Amino acid sequence: MKNRMYNRWLQWFLLIVVAGSTVYVASKLFLPQNEPALSRIEARVEPLPINPIPNPTPKTEQALSNRVVEYHMNVELLPDTKELRGQQAITWINPGMKPVDHLYMHLYPNAFASKKTTFMRESGGQLRGDKALEDSVGSMKLNKLQTQNGQDLTGRMWFVQPDDGNTDDHTLLKISLPQAVNPGESITLKTDFTVKMPFAFARMGYVDDFYMAGQWFPKLAVYETEGTRDRAEEGWNLHQYHGNSEFYADFGIYNVKIKVPASYVVAATGFPIKSSQEDPASKTRSYDFYSDDVHDFAWAASPRFRYYEETLATKNIPGLKIKLYLDPAHEALKSRYFAAAKKALTRYSEWYGTYPYDTLSIVIPPPGGNGAGGMEYPTLVTGWGAADKSPGFELERVIVHEIGHQFFYGMVASNEFEEAWLDEGFTSYAEDALMQSEYGVSTNLPVEASYVTSPAALKKNAWEYHGHSQYADNVYTRAKLVLKEIESRVGSDTMSTIMRTYFERWRFKHPTTHDFQNVVEEVTKQSWESFFNQFIYGALMVDYSVDDIQTKRVTQNGKLLYDNSVLIRKRGGTAANVPIRFHFADGRTVDRVWDGAESQAQFKLQHTSPLDWVTVDPRFTIVLENKHINNYLKTSVDSKWQTRWNLGITQFLDTLFSWIAW
């Protein structure tokens, strides 16, 4: 939802303005071989007033994932300085077949350290309609990095920039190990770190006394084994924090203690392992959370949260606690939040597969907190800020969208750096299905297709799109439309089988686009190579135009007839079937279907009256058709452009306003 909701409102506003005017007028996957020489990080060791970290706990229960990493963390929120001060012990198991002598960490808060970082350069300090303010400055410092036996590693670490070489970007850290980690063996590192929280922007930060800690801790990059995501040779998957990209991490175990002022309530990934403990002397309260088989950990804190909880048990969900952390401005809307969450969890578990966790937390930021809103984390989602006291369906839509991410981001866990469509597109597809099924809210697909004015390949590094608009239009909208097009070709029942098979086969395994293609071909028992090459690996949309109409009067057996000739041209990708309607001056219509495979087709029709007009796809059934204006042509004394415009915009606006309940 993050990017798309803002775009949707803006596009609808612009579309209605344009429509009204028209009616009036018309009436790098690997690190480079030679890394730039960079200055070493200055290490600063400071004692932190938080409890020591326990030794990592052994895995005893049945694991759903490979659990490559284990994090034990203590963190304290310091509201006076807008800082987090933390300690962590990270255990990493080498999953490959080769010794590994370097580790890499993501230090995501450094994306907000200056206007020179890669994130700020690419985003221009704007994301999802929010603009970075003077206080939207954040950073992360590693005060200490050492091995479990106390060996200092601060002199063996430096920042790297494998994607763009921007030496002002400090979001990816390389660590040279004193001893290689052999296959199947593990290493434990200990850190002290400090995070300067920005004013809420780009998924993290504060608004008054509300704090959202997303991507807040030093986080190991992913070491991919041979065959993972079609990888030919094992190695690290390394990327900086970009203006468009989101995240990718290994599954593991998180044990986190969070210390906050005594009046604060904390929402977090996972579940509390004991009741919160207040320390009257320091006027603080500590919360302990645990989660396994997840690839991230996020939390939020505020003294103003209104906390509610309800349970959910269905055929596919044995037992689940839904925890709602509301800003007071939306306390009266709690039943809508719970209803949306229950509908989404129930339907998605029915359609795709079981939600295996026993908790889901929903956080509603305060007014002005959209920088932290509309985001997903394992077992925790955020809605929009509580500025609107009487929101429309955007309240439900953002909740069901973010809960959809629990399945495709949270469990399937594709690489959002390199294949964002596998999360955002699939979640948008699921969101639309849920809103239609549970709320009767239909999406106007022809209008949404018309938004895609700059199509690009879906299997593409997120930062290689030309700006945020092209990124959002493709990985959200066009990706969803591609899935809807597959559904239109195979039928809803077969599409349901495809989606469920893909989810159940690849959850906890980080699949690729190719893995999804294999599922589609397996379920349908046919090749989809041409479709994927055109619309997924390629950048095509569908575009069929009526290019010419010729009408000639003839006499046969003393009877006046008209020979009508129509040229239809393919200007984009291939649709499965192309419906064409021919309308004659006497009111009669003739419908034909063309396979659409060739570059053009000539249709000849003889009739007692001349052709009046011709339209391709009169019912808007070709989902990926995005240039409806050239689908129509009228036989007239008017110029071709004027005729096409008058008829085309009239029919398009009829469709737009007949489906206005989006």
# chains A, B, ... in the order shown; residues from 1 in each chain; ligands from 1
call {"tool": "residues_around", "arguments": {"residues": "A:Asp209", "least_positions_apart": "2", "cutoff": "12 Å", "atoms": "only C-alpha atoms", "output": "list in words"}}
result
Leu77, Leu78, Pro79, Asp80, Thr81, Lys82, Phe199, Ala200, Gly205, Tyr206, Val207, Tyr211, Met212, Val260, Pro261, Ser263, Tyr264, Val265, Ala300, Ala301, Ser302, Pro303, Arg304, Phe305, Asp327, Pro365, Pro366, Pro367 and Gly369 of chain A
call {"tool": "closest_atom_pairs", "arguments": {"of": "stretch 418-500 of chain A", "to": "stretch 159-169 of chain A", "cutoff": "12 Å", "atoms": "only C-alpha atoms", "output": "CSV"}}
result
residue,atom,partner,partner_atom,distance
A:Glu418,CA,A:Asp163,CA,11.8
A:Asn461,CA,A:Asp163,CA,10.2
A:Ala462,CA,A:Asp163,CA,11.4
A:Trp463,CA,A:Asp163,CA,9.3
A:Glu464,CA,A:Asp163,CA,10.3
call {"tool": "atom_distance", "arguments": {"atom1": "atom CA of A:Phe201", "atom2": "atom CA of A:Phe297"}}
result
18.2 Å
call {"tool": "residues_around", "arguments": {"residues": "stretch 555-571 of chain A", "least_positions_apart": "6", "cutoff": "8 Å", "atoms": "only C-alpha atoms", "output": "PyMOL selection string"}}
result
chain A and resi 542-549+596+598-611
call {"tool": "write_last_selection", "arguments": {"atoms": "C-alpha atoms", "output": "mmCIF file, in the first residue's frame"}}
result
data_model
loop_
_atom_site.group_PDB
_atom_site.id
_atom_site.type_symbol
_atom_site.label_atom_id
_atom_site.label_comp_id
_atom_site.auth_asym_id
_atom_site.auth_seq_id
_atom_site.Cartn_x
_atom_site.Cartn_y
_atom_site.Cartn_z
ATOM 1 C CA VAL A 542 -1.147 -4.613 -24.913
ATOM 2 C CA ASP A 543 -2.073 -2.054 -27.570
ATOM 3 C CA TYR A 544 -4.408 -2.790 -30.482
ATOM 4 C CA SER A 545 -5.572 0.092 -32.643
ATOM 5 C CA VAL A 546 -8.222 0.583 -35.302
ATOM 6 C CA ASP A 547 -6.073 2.241 -37.949
ATOM 7 C CA ASP A 548 -8.277 2.578 -41.010
ATOM 8 C CA ILE A 549 -11.852 2.158 -42.251
ATOM 9 C CA GLY A 596 -4.073 -11.030 -32.207
ATOM 10 C CA GLU A 598 0.124 -11.132 -36.245
ATOM 11 C CA SER A 599 1.205 -7.514 -36.535
ATOM 12 C CA GLN A 600 -2.042 -6.554 -38.282
ATOM 13 C CA ALA A 601 -5.287 -7.932 -39.679
ATOM 14 C CA GLN A 602 -7.617 -6.765 -42.452
ATOM 15 C CA PHE A 603 -11.341 -7.394 -41.976
ATOM 16 C CA LYS A 604 -13.753 -7.187 -44.909
ATOM 17 C CA LEU A 605 -17.490 -7.006 -44.324
ATOM 18 C CA GLN A 606 -20.248 -6.512 -46.902
ATOM 19 C CA HIS A 607 -23.529 -5.058 -45.691
ATOM 20 C CA THR A 608 -26.564 -3.100 -46.842
ATOM 21 C CA SER A 609 -25.330 -0.014 -44.995
ATOM 22 C CA PRO A 610 -21.863 1.459 -44.410
ATOM 23 C CA LEU A 611 -19.839 0.968 -41.270
#
call {"tool": "select_by_dssp", "arguments": {"residues": "stretch 224-432 of chain A", "states": "strand (DSSP E)", "output": "ChimeraX atom specification"}}
result
/A:224,235-237,252-261,265-268,271-272,277-279,284-294,299-302,306-312,320-326,359-363,375-377,380-382
call {"tool": "atom_distance", "arguments": {"atom1": "atom CA of A:Phe193", "atom2": "atom CA of A:Gly385"}}
result
29.2 Å
call {"tool": "closest_residue", "arguments": {"among": "A:Ile317, A:Leu360, A:Leu142, A:Leu177", "to": "A:Thr269", "atoms": "only C-alpha atoms"}}
result
A:Leu360
call {"tool": "residues_around", "arguments": {"residues": "A:Ala298", "least_positions_apart": "6", "cutoff": "8 Å", "atoms": "only C-alpha atoms", "output": "PDB file with N, CA and C atoms, in the first residue's frame"}}
result
ATOM      1  N   MET A 212       8.489   4.847  15.836  1.00  0.00           N
ATOM      2  CA  MET A 212       8.431   3.652  15.000  1.00  0.00           C
ATOM      3  C   MET A 212       9.855   3.214  14.699  1.00  0.00           C
ATOM      4  N   ALA A 213      10.210   2.033  15.197  1.00  0.00           N
ATOM      5  CA  ALA A 213      11.549   1.490  14.983  1.00  0.00           C
ATOM      6  C   ALA A 213      11.468   0.401  13.915  1.00  0.00           C
ATOM      7  N   GLY A 214      11.673   0.810  12.677  1.00  0.00           N
ATOM      8  CA  GLY A 214      11.739  -0.123  11.557  1.00  0.00           C
ATOM      9  C   GLY A 214      13.138  -0.086  10.975  1.00  0.00           C
ATOM     10  N   GLN A 215      13.708  -1.241  10.652  1.00  0.00           N
ATOM     11  CA  GLN A 215      15.085  -1.326  10.135  1.00  0.00           C
ATOM     12  C   GLN A 215      16.037  -0.553  11.047  1.00  0.00           C
ATOM     13  N   TRP A 216      15.982  -0.860  12.325  1.00  0.00           N
ATOM     14  CA  TRP A 216      16.623  -0.043  13.351  1.00  0.00           C
ATOM     15  C   TRP A 216      17.909  -0.639  13.914  1.00  0.00           C
ATOM     16  N   ALA A 268       5.304  -4.913  19.114  1.00  0.00           N
ATOM     17  CA  ALA A 268       6.514  -5.467  18.495  1.00  0.00           C
ATOM     18  C   ALA A 268       6.208  -6.743  17.734  1.00  0.00           C
ATOM     19  N   THR A 269       7.143  -7.093  16.865  1.00  0.00           N
ATOM     20  CA  THR A 269       7.120  -8.399  16.204  1.00  0.00           C
ATOM     21  C   THR A 269       7.108  -9.501  17.263  1.00  0.00           C
ATOM     22  N   TYR A 377       5.805  -5.519   8.539  1.00  0.00           N
ATOM     23  CA  TYR A 377       6.927  -6.196   9.179  1.00  0.00           C
ATOM     24  C   TYR A 377       6.404  -7.559   9.618  1.00  0.00           C
ATOM     25  N   PRO A 378       7.264  -8.507   9.893  1.00  0.00           N
ATOM     26  CA  PRO A 378       6.760  -9.811  10.332  1.00  0.00           C
ATOM     27  C   PRO A 378       5.866  -9.677  11.567  1.00  0.00           C
ATOM     28  N   LEU A 380       3.615  -7.738  12.290  1.00  0.00           N
ATOM     29  CA  LEU A 380       3.255  -6.380  12.699  1.00  0.00           C
ATOM     30  C   LEU A 380       3.036  -5.534  11.453  1.00  0.00           C
TER      31      LEU A 380
END
call {"tool": "atom_distance", "arguments": {"atom1": "atom CA of A:Asp250", "atom2": "atom CA of A:Val294"}}
result
8.0 Å
call {"tool": "select_by_dssp", "arguments": {"residues": "stretch 502-540 of chain A", "states": "alpha helix (DSSP H)", "output": "ChimeraX atom specification"}}
result
/A:502-506,513-524,529-535
call {"tool": "closest_residue", "arguments": {"among": "A:Thr118, A:Gln62, A:Gln470, A:Ser450", "to": "A:Glu625", "atoms": "only C-alpha atoms"}}
result
A:Ser450
call {"tool": "residues_around", "arguments": {"residues": "stretch 578-588 of chain A", "least_positions_apart": "5", "cutoff": "8 Å", "atoms": "only C-alpha atoms", "output": "MDAnalysis selection string"}}
result
chainID A and resid 593:596 609:618 622
call {"tool": "write_last_selection", "arguments": {"atoms": "all heavy atoms", "output": "compact mmCIF listing (two decimals), in the first residue's frame"}}
result
# COMPACT_ATOMS: atom_id res chain seq x y z
N VAL A 593 -13.73 -12.21 -33.30
CA VAL A 593 -12.60 -12.41 -32.39
C VAL A 593 -11.38 -12.74 -33.23
O VAL A 593 -11.41 -13.66 -34.05
CB VAL A 593 -12.87 -13.53 -31.37
CG1 VAL A 593 -11.63 -13.77 -30.51
CG2 VAL A 593 -14.06 -13.18 -30.49
N TRP A 594 -10.32 -11.98 -33.01
CA TRP A 594 -9.04 -12.18 -33.71
C TRP A 594 -8.04 -12.73 -32.70
O TRP A 594 -8.04 -12.33 -31.54
CB TRP A 594 -8.58 -10.84 -34.28
CG TRP A 594 -7.22 -10.82 -34.91
CD1 TRP A 594 -6.64 -11.80 -35.66
CD2 TRP A 594 -6.27 -9.75 -34.85
NE1 TRP A 594 -5.39 -11.40 -36.06
CE2 TRP A 594 -5.14 -10.14 -35.59
CE3 TRP A 594 -6.27 -8.49 -34.25
CZ2 TRP A 594 -4.01 -9.34 -35.73
CZ3 TRP A 594 -5.15 -7.68 -34.40
CH2 TRP A 594 -4.04 -8.10 -35.13
N ASP A 595 -7.16 -13.65 -33.15
CA ASP A 595 -6.18 -14.21 -32.21
C ASP A 595 -5.10 -13.20 -31.84
O ASP A 595 -4.36 -13.41 -30.87
CB ASP A 595 -5.56 -15.50 -32.75
CG ASP A 595 -4.72 -15.30 -34.01
OD1 ASP A 595 -4.42 -14.14 -34.36
OD2 ASP A 595 -4.36 -16.31 -34.65
N GLY A 596 -4.98 -12.11 -32.58
CA GLY A 596 -4.07 -11.03 -32.21
C GLY A 596 -2.61 -11.33 -32.35
O GLY A 596 -1.76 -10.54 -31.90
N SER A 609 -25.62 -1.39 -45.40
CA SER A 609 -25.33 -0.01 -44.99
C SER A 609 -23.84 0.09 -44.66
O SER A 609 -23.19 -0.91 -44.37
CB SER A 609 -26.18 0.40 -43.79
OG SER A 609 -25.86 -0.37 -42.66
N PRO A 610 -23.30 1.30 -44.69
CA PRO A 610 -21.86 1.46 -44.41
C PRO A 610 -21.56 1.29 -42.92
O PRO A 610 -22.44 1.43 -42.07
CB PRO A 610 -21.58 2.88 -44.86
CG PRO A 610 -22.88 3.60 -44.68
CD PRO A 610 -23.95 2.58 -45.01
N LEU A 611 -20.30 1.01 -42.66
CA LEU A 611 -19.84 0.97 -41.27
C LEU A 611 -19.94 2.35 -40.65
O LEU A 611 -19.59 3.36 -41.28
CB LEU A 611 -18.38 0.49 -41.20
CG LEU A 611 -18.14 -1.00 -41.01
CD1 LEU A 611 -16.65 -1.30 -41.14
CD2 LEU A 611 -18.65 -1.49 -39.68
N ASP A 612 -20.40 2.37 -39.41
CA ASP A 612 -20.46 3.63 -38.67
C ASP A 612 -19.21 3.80 -37.81
O ASP A 612 -18.55 4.83 -37.84
CB ASP A 612 -21.72 3.64 -37.81
CG ASP A 612 -21.91 4.97 -37.08
OD1 ASP A 612 -21.28 5.95 -37.50
OD2 ASP A 612 -22.69 5.02 -36.12
N TRP A 613 -18.88 2.77 -37.04
CA TRP A 613 -17.65 2.80 -36.25
C TRP A 613 -17.20 1.38 -35.91
O TRP A 613 -17.96 0.41 -36.03
CB TRP A 613 -17.82 3.62 -34.97
CG TRP A 613 -19.00 3.31 -34.09
CD1 TRP A 613 -20.18 3.98 -34.05
CD2 TRP A 613 -19.10 2.26 -33.09
NE1 TRP A 613 -21.03 3.43 -33.12
CE2 TRP A 613 -20.39 2.38 -32.51
CE3 TRP A 613 -18.26 1.26 -32.65
CZ2 TRP A 613 -20.84 1.51 -31.51
CZ3 TRP A 613 -18.70 0.39 -31.65
CH2 TRP A 613 -19.97 0.53 -31.09
N VAL A 614 -15.95 1.28 -35.46
CA VAL A 614 -15.34 0.00 -35.09
C VAL A 614 -14.61 0.20 -33.76
O VAL A 614 -13.96 1.23 -33.55
CB VAL A 614 -14.35 -0.50 -36.15
CG1 VAL A 614 -13.70 -1.81 -35.72
CG2 VAL A 614 -15.04 -0.66 -37.50
N THR A 615 -14.72 -0.77 -32.89
CA THR A 615 -14.00 -0.71 -31.62
C THR A 615 -13.37 -2.05 -31.30
O THR A 615 -13.97 -3.11 -31.51
CB THR A 615 -14.94 -0.29 -30.46
OG1 THR A 615 -14.20 -0.29 -29.24
CG2 THR A 615 -16.12 -1.23 -30.32
N VAL A 616 -12.16 -1.99 -30.81
CA VAL A 616 -11.46 -3.17 -30.30
C VAL A 616 -11.75 -3.29 -28.81
O VAL A 616 -11.74 -2.29 -28.08
CB VAL A 616 -9.93 -3.05 -30.54
CG1 VAL A 616 -9.19 -4.17 -29.81
CG2 VAL A 616 -9.62 -3.09 -32.02
N ASP A 617 -12.02 -4.49 -28.36
CA ASP A 617 -12.26 -4.77 -26.94
C ASP A 617 -13.36 -3.88 -26.35
O ASP A 617 -13.12 -3.09 -25.42
CB ASP A 617 -10.96 -4.61 -26.14
CG ASP A 617 -11.06 -5.16 -24.73
OD1 ASP A 617 -11.89 -6.06 -24.51
OD2 ASP A 617 -10.31 -4.69 -23.86
N PRO A 618 -14.58 -4.00 -26.86
CA PRO A 618 -15.66 -3.10 -26.43
C PRO A 618 -16.03 -3.23 -24.96
O PRO A 618 -16.54 -2.28 -24.37
CB PRO A 618 -16.82 -3.49 -27.33
CG PRO A 618 -16.55 -4.90 -27.75
CD PRO A 618 -15.05 -4.98 -27.87
N ILE A 622 -9.52 -7.02 -22.13
CA ILE A 622 -8.06 -7.20 -22.23
C ILE A 622 -7.42 -6.38 -21.12
O ILE A 622 -7.33 -5.16 -21.19
CB ILE A 622 -7.53 -6.77 -23.61
CG1 ILE A 622 -8.22 -7.56 -24.72
CG2 ILE A 622 -6.02 -6.96 -23.69
CD1 ILE A 622 -7.84 -7.12 -26.13
call {"tool": "residues_around", "arguments": {"residues": "A:Gly404", "least_positions_apart": "5", "cutoff": "8 Å", "atoms": "only C-alpha atoms", "output": "PyMOL selection string"}}
result
chain A and resi 344+348+427+430-431
call {"tool": "residues_around", "arguments": {"residues": "A:His106", "least_positions_apart": "5", "cutoff": "7 Å", "atoms": "only C-alpha atoms", "output": "list in words"}}
result
Thr171, Leu172, Leu173, Pro218, Lys219, Leu220 and Ala221 of chain A
call {"tool": "write_last_selection", "arguments": {"atoms": "N, CA and C atoms", "output": "PDB file, in the first residue's frame"}}
result
ATOM      1  N   THR A 171      25.347   2.683   4.209  1.00  0.00           N
ATOM      2  CA  THR A 171      24.277   1.754   4.581  1.00  0.00           C
ATOM      3  C   THR A 171      24.689   0.290   4.482  1.00  0.00           C
ATOM      4  N   LEU A 172      25.880   0.003   3.966  1.00  0.00           N
ATOM      5  CA  LEU A 172      26.346  -1.382   3.859  1.00  0.00           C
ATOM      6  C   LEU A 172      27.775  -1.464   4.370  1.00  0.00           C
ATOM      7  N   LEU A 173      27.993  -2.337   5.325  1.00  0.00           N
ATOM      8  CA  LEU A 173      29.267  -2.454   6.032  1.00  0.00           C
ATOM      9  C   LEU A 173      29.906  -3.813   5.755  1.00  0.00           C
ATOM     10  N   PRO A 218      21.695  -3.135  13.399  1.00  0.00           N
ATOM     11  CA  PRO A 218      22.643  -3.699  12.431  1.00  0.00           C
ATOM     12  C   PRO A 218      22.166  -5.090  12.003  1.00  0.00           C
ATOM     13  N   LYS A 219      22.028  -5.271  10.694  1.00  0.00           N
ATOM     14  CA  LYS A 219      21.346  -6.459  10.172  1.00  0.00           C
ATOM     15  C   LYS A 219      22.214  -7.140   9.118  1.00  0.00           C
ATOM     16  N   LEU A 220      22.446  -8.429   9.307  1.00  0.00           N
ATOM     17  CA  LEU A 220      23.300  -9.162   8.381  1.00  0.00           C
ATOM     18  C   LEU A 220      22.664  -9.269   7.004  1.00  0.00           C
ATOM     19  N   ALA A 221      23.503  -9.159   5.982  1.00  0.00           N
ATOM     20  CA  ALA A 221      23.062  -9.397   4.612  1.00  0.00           C
ATOM     21  C   ALA A 221      22.845 -10.896   4.413  1.00  0.00           C
TER      22      ALA A 221
END
call {"tool": "closest_residue", "arguments": {"among": "A:Phe426, A:Tyr108, A:Phe271, A:Phe508", "to": "A:His239", "atoms": "only C-alpha atoms"}}
result
A:Tyr108
call {"tool": "closest_residue", "arguments": {"among": "A:Glu416, A:Glu396, A:Asp292, A:Asp432", "to": "A:Tyr357", "atoms": "only C-alpha atoms"}}
result
A:Asp292
